[in-house]
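Trainee: Next comes final_18.pdb, PDB, C-alpha atoms:
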MODEL        1
ATOM      1  CA  MET A   1     101.507 -43.821   5.487
ATOM      2  CA  ALA A   2     100.262 -47.048   3.946
ATOM      3  CA  ARG A   3      96.696 -47.494   2.872
ATOM      4  CA  THR A   4      95.005 -50.502   4.425
ATOM      5  CA  SER A   5      92.168 -52.810   3.579
ATOM      6  CA  GLU A   6      90.985 -52.323   7.181
ATOM      7  CA  PHE A   7      90.324 -48.638   6.518
ATOM      8  CA  ARG A   8      88.482 -49.394   3.289
ATOM      9  CA  ASP A   9      86.426 -52.142   4.915
ATOM     10  CA  ARG A  10      85.523 -49.958   7.879
ATOM     11  CA  VAL A  11      84.245 -47.155   5.653
ATOM     12  CA  LEU A  12      82.352 -49.385   3.236
ATOM     13  CA  ASN A  13      80.815 -51.381   6.099
ATOM     14  CA  GLN A  14      79.660 -48.056   7.579
ATOM     15  CA  LYS A  15      81.597 -48.275  10.812
ATOM     16  CA  THR A  16      81.856 -44.522  10.638
ATOM     17  CA  VAL A  17      85.322 -42.974  10.393
ATOM     18  CA  TRP A  18      85.328 -39.625  12.219
ATOM     19  CA  ALA A  19      87.705 -36.983  10.894
ATOM     20  CA  ALA A  20      88.499 -33.292  11.196
ATOM     21  CA  GLY A  21      89.691 -30.893   8.520
ATOM     22  CA  ALA A  22      93.395 -30.051   8.394
ATOM     23  CA  TYR A  23      94.778 -26.999   6.644
ATOM     24  CA  ASP A  24      98.477 -27.775   7.202
ATOM     25  CA  ALA A  25     100.795 -30.307   8.830
ATOM     26  CA  LEU A  26     100.523 -28.820  12.321
ATOM     27  CA  SER A  27      96.726 -28.909  12.343
ATOM     28  CA  ALA A  28      96.894 -32.503  11.077
ATOM     29  CA  LYS A  29      99.190 -33.491  13.983
ATOM     30  CA  LEU A  30      96.762 -31.910  16.436
ATOM     31  CA  ILE A  31      93.795 -33.721  14.870
ATOM     32  CA  GLU A  32      95.584 -37.054  15.196
ATOM     33  CA  ASP A  33      96.799 -36.268  18.723
ATOM     34  CA  THR A  34      93.291 -35.519  19.972
ATOM     35  CA  GLY A  35      91.970 -38.899  18.885
ATOM     36  CA  PHE A  36      90.249 -38.580  15.505
ATOM     37  CA  ASP A  37      90.197 -41.654  13.279
ATOM     38  CA  ALA A  38      91.430 -39.788  10.206
ATOM     39  CA  VAL A  39      92.483 -36.417   8.803
ATOM     40  CA  MET A  40      90.823 -34.683   5.864
ATOM     41  CA  THR A  41      92.770 -31.986   4.058
ATOM     42  CA  SER A  42      90.228 -29.225   3.467
ATOM     43  CA  GLY A  43      90.454 -27.281   0.215
ATOM     44  CA  PHE A  44      88.834 -24.348   1.975
ATOM     45  CA  GLY A  45      91.463 -24.531   4.699
ATOM     46  CA  VAL A  46      94.412 -25.086   2.359
ATOM     47  CA  SER A  47      93.442 -22.058   0.265
ATOM     48  CA  ALA A  48      92.977 -19.880   3.348
ATOM     49  CA  SER A  49      96.184 -21.031   5.053
ATOM     50  CA  HIS A  50      98.466 -21.512   2.059
ATOM     51  CA  LEU A  51      97.387 -18.499   0.003
ATOM     52  CA  GLY A  52      95.281 -16.358   2.330
ATOM     53  CA  LEU A  53      92.603 -16.501  -0.366
ATOM     54  CA  PRO A  54      89.064 -17.924  -0.693
ATOM     55  CA  ASP A  55      88.192 -21.459  -1.776
ATOM     56  CA  ALA A  56      87.859 -20.844  -5.506
ATOM     57  CA  GLU A  57      90.411 -23.358  -6.848
ATOM     58  CA  LEU A  58      93.022 -20.605  -6.992
ATOM     59  CA  TYR A  59      95.826 -22.930  -5.933
ATOM     60  CA  THR A  60      97.199 -25.466  -8.383
ATOM     61  CA  MET A  61      97.133 -29.238  -8.161
ATOM     62  CA  SER A  62     100.827 -29.295  -7.244
ATOM     63  CA  GLU A  63     100.344 -26.703  -4.482
ATOM     64  CA  ASN A  64      97.545 -28.767  -2.952
ATOM     65  CA  LEU A  65      99.628 -31.931  -3.331
ATOM     66  CA  SER A  66     102.539 -30.306  -1.500
ATOM     67  CA  VAL A  67     100.350 -29.584   1.533
ATOM     68  CA  VAL A  68      98.873 -33.090   1.454
ATOM     69  CA  ARG A  69     102.328 -34.686   1.316
ATOM     70  CA  ASN A  70     103.428 -32.703   4.349
ATOM     71  CA  VAL A  71     100.313 -33.853   6.201
ATOM     72  CA  ILE A  72     100.854 -37.499   5.291
ATOM     73  CA  ASN A  73     104.484 -37.300   6.414
ATOM     74  CA  VAL A  74     103.580 -36.326   9.991
ATOM     75  CA  VAL A  75     100.554 -38.482  10.841
ATOM     76  CA  ASN A  76      99.881 -42.191  11.077
ATOM     77  CA  VAL A  77      96.117 -42.104  10.580
ATOM     78  CA  PRO A  78      94.432 -42.245   7.149
ATOM     79  CA  VAL A  79      94.442 -39.009   5.153
ATOM     80  CA  ILE A  80      91.510 -38.062   2.932
ATOM     81  CA  ALA A  81      92.397 -35.420   0.339
ATOM     82  CA  ASP A  82      90.070 -32.855  -1.186
ATOM     83  CA  ILE A  83      91.076 -32.786  -4.876
ATOM     84  CA  ASP A  84      88.390 -30.304  -5.949
ATOM     85  CA  THR A  85      87.364 -30.864  -9.593
ATOM     86  CA  GLY A  86      90.466 -32.900 -10.406
ATOM     87  CA  TYR A  87      92.036 -29.819 -12.015
ATOM     88  CA  GLY A  88      90.745 -30.315 -15.521
ATOM     89  CA  ASN A  89      89.022 -32.901 -17.689
ATOM     90  CA  ALA A  90      88.955 -36.677 -17.280
ATOM     91  CA  ILE A  91      92.553 -37.027 -18.455
ATOM     92  CA  ASN A  92      93.726 -34.439 -15.921
ATOM     93  CA  VAL A  93      91.765 -36.315 -13.270
ATOM     94  CA  MET A  94      93.714 -39.483 -14.012
ATOM     95  CA  ARG A  95      97.026 -37.758 -13.332
ATOM     96  CA  THR A  96      95.641 -36.050 -10.231
ATOM     97  CA  VAL A  97      94.420 -39.337  -8.763
ATOM     98  CA  ARG A  98      97.757 -41.042  -9.432
ATOM     99  CA  GLU A  99      99.715 -38.204  -7.815
ATOM    100  CA  PHE A 100      97.603 -38.164  -4.644
ATOM    101  CA  GLU A 101      97.579 -41.952  -4.509
ATOM    102  CA  ALA A 102     101.378 -42.004  -4.803
ATOM    103  CA  ALA A 103     101.583 -39.461  -1.964
ATOM    104  CA  GLY A 104      99.806 -41.979   0.288
ATOM    105  CA  CYS A 105      96.206 -40.778   0.451
ATOM    106  CA  SER A 106      93.645 -43.248   1.748
ATOM    107  CA  ALA A 107      90.813 -41.485  -0.096
ATOM    108  CA  VAL A 108      90.224 -38.578  -2.463
ATOM    109  CA  ILE A 109      87.147 -36.384  -2.852
ATOM    110  CA  LEU A 110      86.251 -35.431  -6.440
ATOM    111  CA  GLU A 111      83.406 -32.990  -7.088
ATOM    112  CA  ASP A 112      81.192 -32.313 -10.105
ATOM    113  CA  GLN A 113      81.437 -28.536 -10.262
ATOM    114  CA  VAL A 114      82.534 -26.563 -13.290
ATOM    115  CA  ALA A 115      86.243 -25.721 -13.002
ATOM    116  CA  PRO A 116      87.449 -23.555 -11.421
ATOM    117  CA  LYS A 117      85.118 -24.448  -8.571
ATOM    118  CA  ARG A 118      83.643 -22.173  -5.909
ATOM    119  CA  CYS A 119      82.912 -23.109  -2.331
ATOM    120  CA  PRO A 120      79.167 -23.884  -2.187
ATOM    121  CA  ILE A 121      78.800 -22.751   1.442
ATOM    122  CA  CYS A 122      80.163 -19.297   0.600
ATOM    123  CA  VAL A 123      78.347 -18.282  -2.597
ATOM    124  CA  GLY A 124      74.734 -18.133  -3.690
ATOM    125  CA  GLY A 125      75.011 -20.933  -6.213
ATOM    126  CA  VAL A 126      77.514 -23.004  -8.163
ATOM    127  CA  GLU A 127      77.573 -24.510 -11.648
ATOM    128  CA  VAL A 128      77.900 -28.237 -12.120
ATOM    129  CA  ILE A 129      79.076 -30.069 -15.201
ATOM    130  CA  ASP A 130      76.812 -32.295 -17.265
ATOM    131  CA  LYS A 131      76.097 -35.619 -15.604
ATOM    132  CA  ASP A 132      77.680 -37.605 -18.450
ATOM    133  CA  GLU A 133      80.913 -35.617 -18.170
ATOM    134  CA  ALA A 134      80.917 -36.096 -14.407
ATOM    135  CA  VAL A 135      80.417 -39.843 -14.841
ATOM    136  CA  SER A 136      83.365 -39.952 -17.250
ATOM    137  CA  LYS A 137      85.585 -38.171 -14.728
ATOM    138  CA  ILE A 138      84.619 -40.641 -11.991
ATOM    139  CA  ALA A 139      85.261 -43.572 -14.351
ATOM    140  CA  ALA A 140      88.661 -42.100 -15.250
ATOM    141  CA  ALA A 141      89.510 -41.691 -11.570
ATOM    142  CA  ALA A 142      88.570 -45.298 -10.851
ATOM    143  CA  ALA A 143      90.629 -46.531 -13.816
ATOM    144  CA  ALA A 144      93.650 -44.460 -12.777
ATOM    145  CA  ARG A 145      94.071 -45.718  -9.232
ATOM    146  CA  ARG A 146      96.436 -48.611  -8.769
ATOM    147  CA  ASP A 147      95.541 -49.536  -5.198
ATOM    148  CA  PRO A 148      91.917 -50.643  -4.683
ATOM    149  CA  ASN A 149      92.225 -49.710  -1.002
ATOM    150  CA  MET A 150      92.248 -46.019  -1.948
ATOM    151  CA  LEU A 151      88.658 -44.840  -1.872
ATOM    152  CA  ILE A 152      87.094 -42.515  -4.423
ATOM    153  CA  ILE A 153      84.535 -40.192  -2.871
ATOM    154  CA  ALA A 154      82.267 -38.610  -5.463
ATOM    155  CA  ARG A 155      80.824 -35.298  -4.319
ATOM    156  CA  THR A 156      77.815 -33.813  -6.042
ATOM    157  CA  ASP A 157      77.112 -30.121  -5.664
ATOM    158  CA  VAL A 158      73.584 -30.195  -7.074
ATOM    159  CA  VAL A 159      70.929 -28.832  -4.710
ATOM    160  CA  ASP A 160      67.922 -30.780  -5.995
ATOM    161  CA  GLU A 161      67.463 -33.918  -3.903
ATOM    162  CA  GLN A 162      66.186 -36.107  -6.740
ATOM    163  CA  GLU A 163      69.004 -35.042  -9.041
ATOM    164  CA  ALA A 164      71.529 -35.715  -6.276
ATOM    165  CA  MET A 165      70.165 -39.251  -5.958
ATOM    166  CA  GLU A 166      70.326 -39.827  -9.720
ATOM    167  CA  ARG A 167      73.857 -38.505  -9.941
ATOM    168  CA  GLY A 168      74.896 -40.515  -6.898
ATOM    169  CA  LYS A 169      73.656 -43.747  -8.454
ATOM    170  CA  ALA A 170      75.432 -42.953 -11.725
ATOM    171  CA  TYR A 171      78.677 -42.129  -9.928
ATOM    172  CA  VAL A 172      78.618 -45.414  -8.012
ATOM    173  CA  ALA A 173      78.013 -47.286 -11.257
ATOM    174  CA  ALA A 174      81.056 -45.477 -12.709
ATOM    175  CA  GLY A 175      83.312 -46.615  -9.885
ATOM    176  CA  ALA A 176      82.835 -44.271  -6.919
ATOM    177  CA  ASP A 177      83.020 -45.970  -3.522
ATOM    178  CA  ILE A 178      81.213 -43.297  -1.487
ATOM    179  CA  ILE A 179      78.845 -40.416  -2.256
ATOM    180  CA  GLN A 180      79.093 -36.994  -0.649
ATOM    181  CA  PRO A 181      76.256 -34.462  -0.928
ATOM    182  CA  ILE A 182      76.790 -30.805  -0.133
ATOM    183  CA  SER A 183      75.168 -29.612   3.071
ATOM    184  CA  ARG A 184      72.605 -27.324   1.441
ATOM    185  CA  CYS A 185      71.076 -30.079  -0.712
ATOM    186  CA  PHE A 186      69.324 -32.355   1.796
ATOM    187  CA  LYS A 187      67.439 -30.620   4.582
ATOM    188  CA  SER A 188      66.780 -33.504   6.960
ATOM    189  CA  ILE A 189      68.079 -36.826   8.177
ATOM    190  CA  GLU A 190      65.199 -38.418   6.290
ATOM    191  CA  GLY A 191      66.604 -37.011   3.050
ATOM    192  CA  LEU A 192      70.048 -38.377   3.833
ATOM    193  CA  ARG A 193      68.541 -41.775   4.605
ATOM    194  CA  ALA A 194      66.798 -41.706   1.227
ATOM    195  CA  LEU A 195      70.081 -40.846  -0.513
ATOM    196  CA  ARG A 196      71.898 -43.630   1.323
ATOM    197  CA  GLN A 197      69.275 -46.127   0.226
ATOM    198  CA  ALA A 198      69.200 -44.850  -3.366
ATOM    199  CA  VAL A 199      72.955 -45.012  -3.993
ATOM    200  CA  GLY A 200      73.535 -48.277  -2.131
ATOM    201  CA  VAL A 201      76.833 -47.168  -0.563
ATOM    202  CA  PRO A 202      77.705 -45.238   2.616
ATOM    203  CA  LEU A 203      77.777 -41.462   2.487
ATOM    204  CA  SER A 204      80.585 -39.067   3.284
ATOM    205  CA  LEU A 205      79.296 -36.088   5.270
ATOM    206  CA  GLN A 206      81.092 -32.825   5.853
ATOM    207  CA  LEU A 207      79.451 -31.576   9.018
ATOM    208  CA  LEU A 208      78.702 -27.988   8.065
ATOM    209  CA  GLY A 209      75.579 -25.863   8.486
ATOM    210  CA  TRP A 210      72.566 -27.818   9.666
ATOM    211  CA  LEU A 211      74.527 -31.072   9.474
ATOM    212  CA  GLU A 212      76.471 -29.964  12.558
ATOM    213  CA  GLY A 213      73.239 -30.414  14.496
ATOM    214  CA  LEU A 214      72.917 -34.107  13.684
ATOM    215  CA  ALA A 215      73.366 -36.472  16.595
ATOM    216  CA  PRO A 216      76.306 -38.890  16.235
ATOM    217  CA  LYS A 217      73.895 -41.822  15.997
ATOM    218  CA  GLU A 218      72.068 -40.139  13.108
ATOM    219  CA  VAL A 219      75.353 -39.573  11.286
ATOM    220  CA  GLU A 220      76.327 -43.199  11.797
ATOM    221  CA  GLU A 221      73.012 -44.339  10.288
ATOM    222  CA  VAL A 222      74.081 -43.109   6.857
ATOM    223  CA  ALA A 223      77.780 -42.253   6.811
ATOM    224  CA  GLY A 224      80.933 -44.283   6.388
ATOM    225  CA  MET A 225      82.879 -41.091   6.914
ATOM    226  CA  ALA A 226      82.044 -37.874   8.792
ATOM    227  CA  THR A 227      84.252 -34.795   8.946
ATOM    228  CA  PHE A 228      84.220 -31.587  10.974
ATOM    229  CA  ALA A 229      85.808 -29.875   8.007
ATOM    230  CA  LEU A 230      86.209 -26.286   9.221
ATOM    231  CA  VAL A 231      86.198 -26.436  13.029
ATOM    232  CA  PRO A 232      90.031 -26.524  13.291
ATOM    233  CA  LEU A 233      90.548 -23.584  10.907
ATOM    234  CA  MET A 234      87.828 -21.425  12.439
ATOM    235  CA  THR A 235      89.010 -22.227  15.972
ATOM    236  CA  ALA A 236      92.572 -21.194  15.135
ATOM    237  CA  ALA A 237      91.389 -18.036  13.356
ATOM    238  CA  ALA A 238      89.264 -16.954  16.327
ATOM    239  CA  ALA A 239      91.999 -17.608  18.891
ATOM    240  CA  LEU A 240      94.678 -15.853  16.850
ATOM    241  CA  ARG A 241      92.465 -12.852  16.154
ATOM    242  CA  GLU A 242      91.564 -12.389  19.817
ATOM    243  CA  ASN A 243      95.080 -12.737  21.191
ATOM    244  CA  LEU A 244      96.737 -10.716  18.429
ATOM    245  CA  SER A 245      94.169  -7.915  18.738
ATOM    246  CA  ALA A 246      94.805  -7.704  22.480
ATOM    247  CA  LEU A 247      98.566  -7.875  21.956
ATOM    248  CA  ALA A 248      98.539  -5.117  19.334
ATOM    249  CA  LYS A 249      96.702  -2.811  21.748
ATOM    250  CA  SER A 250      98.450  -3.619  25.029
ATOM    251  CA  LYS A 251     101.938  -4.492  23.765
ATOM    252  CA  THR A 252     102.186  -7.030  26.586
ATOM    253  CA  THR A 253     101.433 -10.748  26.909
ATOM    254  CA  LYS A 254      99.776 -10.248  30.289
ATOM    255  CA  ASP A 255      96.031 -10.966  30.412
ATOM    256  CA  LEU A 256      95.634 -12.321  26.890
ATOM    257  CA  PRO A 257      91.999 -13.409  26.355
ATOM    258  CA  ARG A 258      92.870 -16.884  25.050
ATOM    259  CA  PRO A 259      95.177 -19.420  26.724
ATOM    260  CA  ARG A 260      98.432 -20.371  25.037
ATOM    261  CA  THR A 261     100.019 -23.790  24.833
ATOM    262  CA  ASP A 262     102.881 -24.159  27.284
ATOM    263  CA  HIS A 263     106.224 -23.753  25.507
ATOM    264  CA  ASN A 264     107.719 -26.973  26.895
ATOM    265  CA  ASP A 265     104.587 -28.955  26.086
ATOM    266  CA  PHE A 266     104.675 -27.671  22.517
ATOM    267  CA  ILE A 267     108.318 -28.479  21.873
ATOM    268  CA  ASP A 268     107.654 -32.009  23.128
ATOM    269  CA  PHE A 269     104.598 -32.289  20.874
ATOM    270  CA  ILE A 270     106.366 -30.970  17.785
ATOM    271  CA  GLY A 271     109.212 -33.473  18.174
ATOM    272  CA  PHE A 272     112.318 -31.690  19.419
ATOM    273  CA  LYS A 273     113.167 -34.598  21.716
ATOM    274  CA  LYS A 274     113.211 -37.022  18.793
ATOM    275  CA  VAL A 275     115.402 -34.691  16.732
ATOM    276  CA  GLU A 276     117.789 -34.313  19.665
ATOM    277  CA  GLU A 277     118.032 -38.091  20.011
ATOM    278  CA  LEU A 278     118.854 -38.368  16.302
ATOM    279  CA  GLN A 279     121.476 -35.639  16.599
ATOM    280  CA  LEU A 280     123.148 -37.460  19.473
ATOM    281  CA  LYS A 281     123.075 -40.700  17.505
ATOM    282  CA  TYR A 282     124.264 -39.518  14.097
ATOM    283  CA  LEU A 283     126.172 -36.253  14.729
ATOM    284  CA  ARG A 284     128.615 -37.527  17.330
ATOM    285  CA  ALA A 285     131.607 -36.121  15.508
ATOM    286  CA  SER A 286     130.345 -32.559  15.879
TER     287      SER A 286
ENDMDL
END
Taking this structure as input, can you express it in the form of structure tokens?
Mentor:
Amino acid sequence: MARTSEFRDRVLNQKTVWAAGAYDALSAKLIEDTGFDAVMTSGFGVSASHLGLPDAELYTMSENLSVVRNVINVVNVPVIADIDTGYGNAINVMRTVREFEAAGCSAVILEDQVAPKRCPICVGGVEVIDKDEAVSKIAAAAAARRDPNMLIIARTDVVDEQEAMERGKAYVAAGADIIQPISRCFKSIEGLRALRQAVGVPLSLQLLGWLEGLAPKEVEEVAGMATFALVPLMTAAAALRENLSALAKSKTTKDLPRPRTDHNDFIDFIGFKKVEELQLKYLRAS
């Protein structure tokens, strides 16, 4: 999927791109099919789906890249990749950015936590690297990309509002296109407005915690990008748990608590018809 200047311009001009968090290729197809502007590959979701483990940077860069490539191969909307801490120092970040750019990402999210990172919505607190080191990693990321249409989203995991503003300004000066605060830092829309004004670029918001309560118009006041990062994963987990629990007890598919997608609808959605057409076209001899 090609990156476009239209995507970049839309985000930077704050015509908010609405996305949802994918954890694999199937969830990405569903996100695109239901009308979202873009797909974000969620590190939380990739770790849970790919490894069955928590979001603690337990997967490698290449494992994350493999999932992202599969996502990019099946959708036609922009894909925003969570690249965690960049998997090392500034030099590692340069390789990481080039690999995800080559895969076709329209944007990458780089955070300023100490590696290996920990999900800030799941633990009491996280450690961040020194601001100067974080600035160097952002500068390295900006220097590494070859296509200016690929956006660099700098995420800061600090929880002090003033420090988040200072870091955000420094990250923009180093080459970041967008700033993303974590949900527990700012406690109000007024705080997000202040951050937006301080950094001088649109924000990227992952709509978690209290941010889920923001009205769409409030989000669009400050954000060039807004993502329901965990709704797809948590929806799938709830539906699977309910139906599988009932199935394990009853040993019958009658009266399952959650509806299932019709088999014929699903095989159409997943692309069997297209494969069959290709088989008829290219496998005539057999």
Trainee: Which is closest to Glu212 (chain A) among A:Ser188, A:Leu233, A:Val199, A:Ser47, if we use all atoms listed in the file?
Mentor: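 Distance minimum relative to Glu212 (chain A) lands on A:Ser188.
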Trainee: Rank nothing, just name the residue among A:Leu208, A:Ala103, A:Leu26, A:Leu280 nearest to Leu65 (chain A), using all atoms listed in the file.
Mentor: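 Closest to Leu65 (chain A), using all atoms listed in the file: A:Ala103.
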Trainee: Might you spell out which residues the PyMOL selection byres ((chain A and resi 16) around 12) would select in the displayed file, as number ranges by chain?
Mentor: A: 7-15, 17-19, 36-38, 202-205, 216-227
Trainee: Pull C-alpha atoms from the residues just selected and write them as a PDB file, in the frame of the given file.
Mentor:
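Saved to selection.pdb:
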ATOM      1  CA  PHE A   7      90.324 -48.638   6.518  1.00  0.00           C
ATOM      2  CA  ARG A   8      88.482 -49.394   3.289  1.00  0.00           C
ATOM      3  CA  ASP A   9      86.426 -52.142   4.915  1.00  0.00           C
ATOM      4  CA  ARG A  10      85.523 -49.958   7.879  1.00  0.00           C
ATOM      5  CA  VAL A  11      84.245 -47.155   5.653  1.00  0.00           C
ATOM      6  CA  LEU A  12      82.352 -49.385   3.236  1.00  0.00           C
ATOM      7  CA  ASN A  13      80.815 -51.381   6.099  1.00  0.00           C
ATOM      8  CA  GLN A  14      79.660 -48.056   7.579  1.00  0.00           C
ATOM      9  CA  LYS A  15      81.597 -48.275  10.812  1.00  0.00           C
ATOM     10  CA  VAL A  17      85.322 -42.974  10.393  1.00  0.00           C
ATOM     11  CA  TRP A  18      85.328 -39.625  12.219  1.00  0.00           C
ATOM     12  CA  ALA A  19      87.705 -36.983  10.894  1.00  0.00           C
ATOM     13  CA  PHE A  36      90.249 -38.580  15.505  1.00  0.00           C
ATOM     14  CA  ASP A  37      90.197 -41.654  13.279  1.00  0.00           C
ATOM     15  CA  ALA A  38      91.430 -39.788  10.206  1.00  0.00           C
ATOM     16  CA  PRO A 202      77.705 -45.238   2.616  1.00  0.00           C
ATOM     17  CA  LEU A 203      77.777 -41.462   2.487  1.00  0.00           C
ATOM     18  CA  SER A 204      80.585 -39.067   3.284  1.00  0.00           C
ATOM     19  CA  LEU A 205      79.296 -36.088   5.270  1.00  0.00           C
ATOM     20  CA  PRO A 216      76.306 -38.890  16.235  1.00  0.00           C
ATOM     21  CA  LYS A 217      73.895 -41.822  15.997  1.00  0.00           C
ATOM     22  CA  GLU A 218      72.068 -40.139  13.108  1.00  0.00           C
ATOM     23  CA  VAL A 219      75.353 -39.573  11.286  1.00  0.00           C
ATOM     24  CA  GLU A 220      76.327 -43.199  11.797  1.00  0.00           C
ATOM     25  CA  GLU A 221      73.012 -44.339  10.288  1.00  0.00           C
ATOM     26  CA  VAL A 222      74.081 -43.109   6.857  1.00  0.00           C
ATOM     27  CA  ALA A 223      77.780 -42.253   6.811  1.00  0.00           C
ATOM     28  CA  GLY A 224      80.933 -44.283   6.388  1.00  0.00           C
ATOM     29  CA  MET A 225      82.879 -41.091   6.914  1.00  0.00           C
ATOM     30  CA  ALA A 226      82.044 -37.874   8.792  1.00  0.00           C
ATOM     31  CA  THR A 227      84.252 -34.795   8.946  1.00  0.00           C
TER      32      THR A 227
END
Trainee: Name the residues that the PyMOL selection byres ((chain A and resi 262-275) around 10) picks from the file above, as a PyMOL selection string, using the file's chain letters and numbers.
Mentor: chain A and resi 26+29-30+33+74+259-261+276-281
Trainee: So how many Å separate CA of Asn149 (chain A) and CA of Lys169 (chain A), to one decimal?
Mentor: 20.9 Å
Trainee: Give me, please, the distance in Å between CA of Met165 (chain A) and CA of Asp112 (chain A), quoted to one decimal.
Mentor: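 Taking CA of Met165 (chain A) as the start and CA of Asp112 (chain A) as the end point, the length is 13.7 Å.
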Trainee: Find the distance between CA of Ser5 (chain A) and CA of Pro78 (chain A) and write it in Å to one decimal.
Mentor: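 These two atoms are separated by 11.4 Å.
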Trainee: Skip Leu51 (chain A) itself and residues of its chain fewer than 3 positions away, then list as a list of chain:residue names all residues within 12 Å of it, counting all atoms listed in the file.
Mentor: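 Residues near the query, excluding close chain neighbours: A:Tyr23, A:Asp24, A:Gly43, A:Phe44, A:Gly45, A:Val46, A:Ser47, A:Ala48, A:Pro54, A:Asp55, A:Ala56, A:Glu57, A:Leu58, A:Tyr59, A:Thr60, A:Glu63, A:Asn64, A:Val67.
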Trainee: For those residues, write C-alpha atoms to a file as a PDB file, keeping the file's coordinate frame.
Mentor:
ATOM      1  CA  TYR A  23      94.778 -26.999   6.644  1.00  0.00           C
ATOM      2  CA  ASP A  24      98.477 -27.775   7.202  1.00  0.00           C
ATOM      3  CA  GLY A  43      90.454 -27.281   0.215  1.00  0.00           C
ATOM      4  CA  PHE A  44      88.834 -24.348   1.975  1.00  0.00           C
ATOM      5  CA  GLY A  45      91.463 -24.531   4.699  1.00  0.00           C
ATOM      6  CA  VAL A  46      94.412 -25.086   2.359  1.00  0.00           C
ATOM      7  CA  SER A  47      93.442 -22.058   0.265  1.00  0.00           C
ATOM      8  CA  ALA A  48      92.977 -19.880   3.348  1.00  0.00           C
ATOM      9  CA  PRO A  54      89.064 -17.924  -0.693  1.00  0.00           C
ATOM     10  CA  ASP A  55      88.192 -21.459  -1.776  1.00  0.00           C
ATOM     11  CA  ALA A  56      87.859 -20.844  -5.506  1.00  0.00           C
ATOM     12  CA  GLU A  57      90.411 -23.358  -6.848  1.00  0.00           C
ATOM     13  CA  LEU A  58      93.022 -20.605  -6.992  1.00  0.00           C
ATOM     14  CA  TYR A  59      95.826 -22.930  -5.933  1.00  0.00           C
ATOM     15  CA  THR A  60      97.199 -25.466  -8.383  1.00  0.00           C
ATOM     16  CA  GLU A  63     100.344 -26.703  -4.482  1.00  0.00           C
ATOM     17  CA  ASN A  64      97.545 -28.767  -2.952  1.00  0.00           C
ATOM     18  CA  VAL A  67     100.350 -29.584   1.533  1.00  0.00           C
TER      19      VAL A  67
END
Trainee: Considering all atoms listed in the file, can you say which of A:Val71, A:Val172, A:Leu214, A:Ala143 comes closest to Val93 (chain A)?
Mentor: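 Answer, going by the shortest atom-to-atom distance: A:Ala143.
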Trainee: Find the residue from A:Thr156, A:Ser245, A:Gln180, A:Ser66 that sits nearest to Ala134 (chain A); use only C-alpha atoms when measuring.
Mentor: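 For Ala134 (chain A), the nearest of the candidates is A:Thr156.
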Trainee: Between A:Gly191, A:Met40, A:Tyr87, A:Tyr171, which has the minimum distance to Gly21 (chain A) (counting all atoms listed in the file)?
Mentor: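 Checking each candidate against Gly21 (chain A), we get A:Met40 as the closest.
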Trainee: For a quick check of your reading of the model, name the residues lying within 12 Å of the coordinate (92.8, -44.2, -9.5), counting all atoms listed in the file, and write them as an mmCIF file with C-alpha atoms, in the frame of the given file.
Mentor:
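selection09.cif written:
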data_model
loop_
_atom_site.group_PDB
_atom_site.id
_atom_site.type_symbol
_atom_site.label_atom_id
_atom_site.label_comp_id
_atom_site.auth_asym_id
_atom_site.auth_seq_id
_atom_site.Cartn_x
_atom_site.Cartn_y
_atom_site.Cartn_z
ATOM 1 C CA GLY A 86 90.466 -32.900 -10.406
ATOM 2 C CA ALA A 90 88.955 -36.677 -17.280
ATOM 3 C CA ILE A 91 92.553 -37.027 -18.455
ATOM 4 C CA ASN A 92 93.726 -34.439 -15.921
ATOM 5 C CA VAL A 93 91.765 -36.315 -13.270
ATOM 6 C CA MET A 94 93.714 -39.483 -14.012
ATOM 7 C CA ARG A 95 97.026 -37.758 -13.332
ATOM 8 C CA THR A 96 95.641 -36.050 -10.231
ATOM 9 C CA VAL A 97 94.420 -39.337 -8.763
ATOM 10 C CA ARG A 98 97.757 -41.042 -9.432
ATOM 11 C CA GLU A 99 99.715 -38.204 -7.815
ATOM 12 C CA PHE A 100 97.603 -38.164 -4.644
ATOM 13 C CA GLU A 101 97.579 -41.952 -4.509
ATOM 14 C CA ALA A 102 101.378 -42.004 -4.803
ATOM 15 C CA CYS A 105 96.206 -40.778 0.451
ATOM 16 C CA SER A 106 93.645 -43.248 1.748
ATOM 17 C CA ALA A 107 90.813 -41.485 -0.096
ATOM 18 C CA VAL A 108 90.224 -38.578 -2.463
ATOM 19 C CA ILE A 109 87.147 -36.384 -2.852
ATOM 20 C CA LEU A 110 86.251 -35.431 -6.440
ATOM 21 C CA LYS A 137 85.585 -38.171 -14.728
ATOM 22 C CA ILE A 138 84.619 -40.641 -11.991
ATOM 23 C CA ALA A 139 85.261 -43.572 -14.351
ATOM 24 C CA ALA A 140 88.661 -42.100 -15.250
ATOM 25 C CA ALA A 141 89.510 -41.691 -11.570
ATOM 26 C CA ALA A 142 88.570 -45.298 -10.851
ATOM 27 C CA ALA A 143 90.629 -46.531 -13.816
ATOM 28 C CA ALA A 144 93.650 -44.460 -12.777
ATOM 29 C CA ARG A 145 94.071 -45.718 -9.232
ATOM 30 C CA ARG A 146 96.436 -48.611 -8.769
ATOM 31 C CA ASP A 147 95.541 -49.536 -5.198
ATOM 32 C CA PRO A 148 91.917 -50.643 -4.683
ATOM 33 C CA ASN A 149 92.225 -49.710 -1.002
ATOM 34 C CA MET A 150 92.248 -46.019 -1.948
ATOM 35 C CA LEU A 151 88.658 -44.840 -1.872
ATOM 36 C CA ILE A 152 87.094 -42.515 -4.423
ATOM 37 C CA ILE A 153 84.535 -40.192 -2.871
ATOM 38 C CA GLY A 175 83.312 -46.615 -9.885
ATOM 39 C CA ALA A 176 82.835 -44.271 -6.919
ATOM 40 C CA ASP A 177 83.020 -45.970 -3.522
#
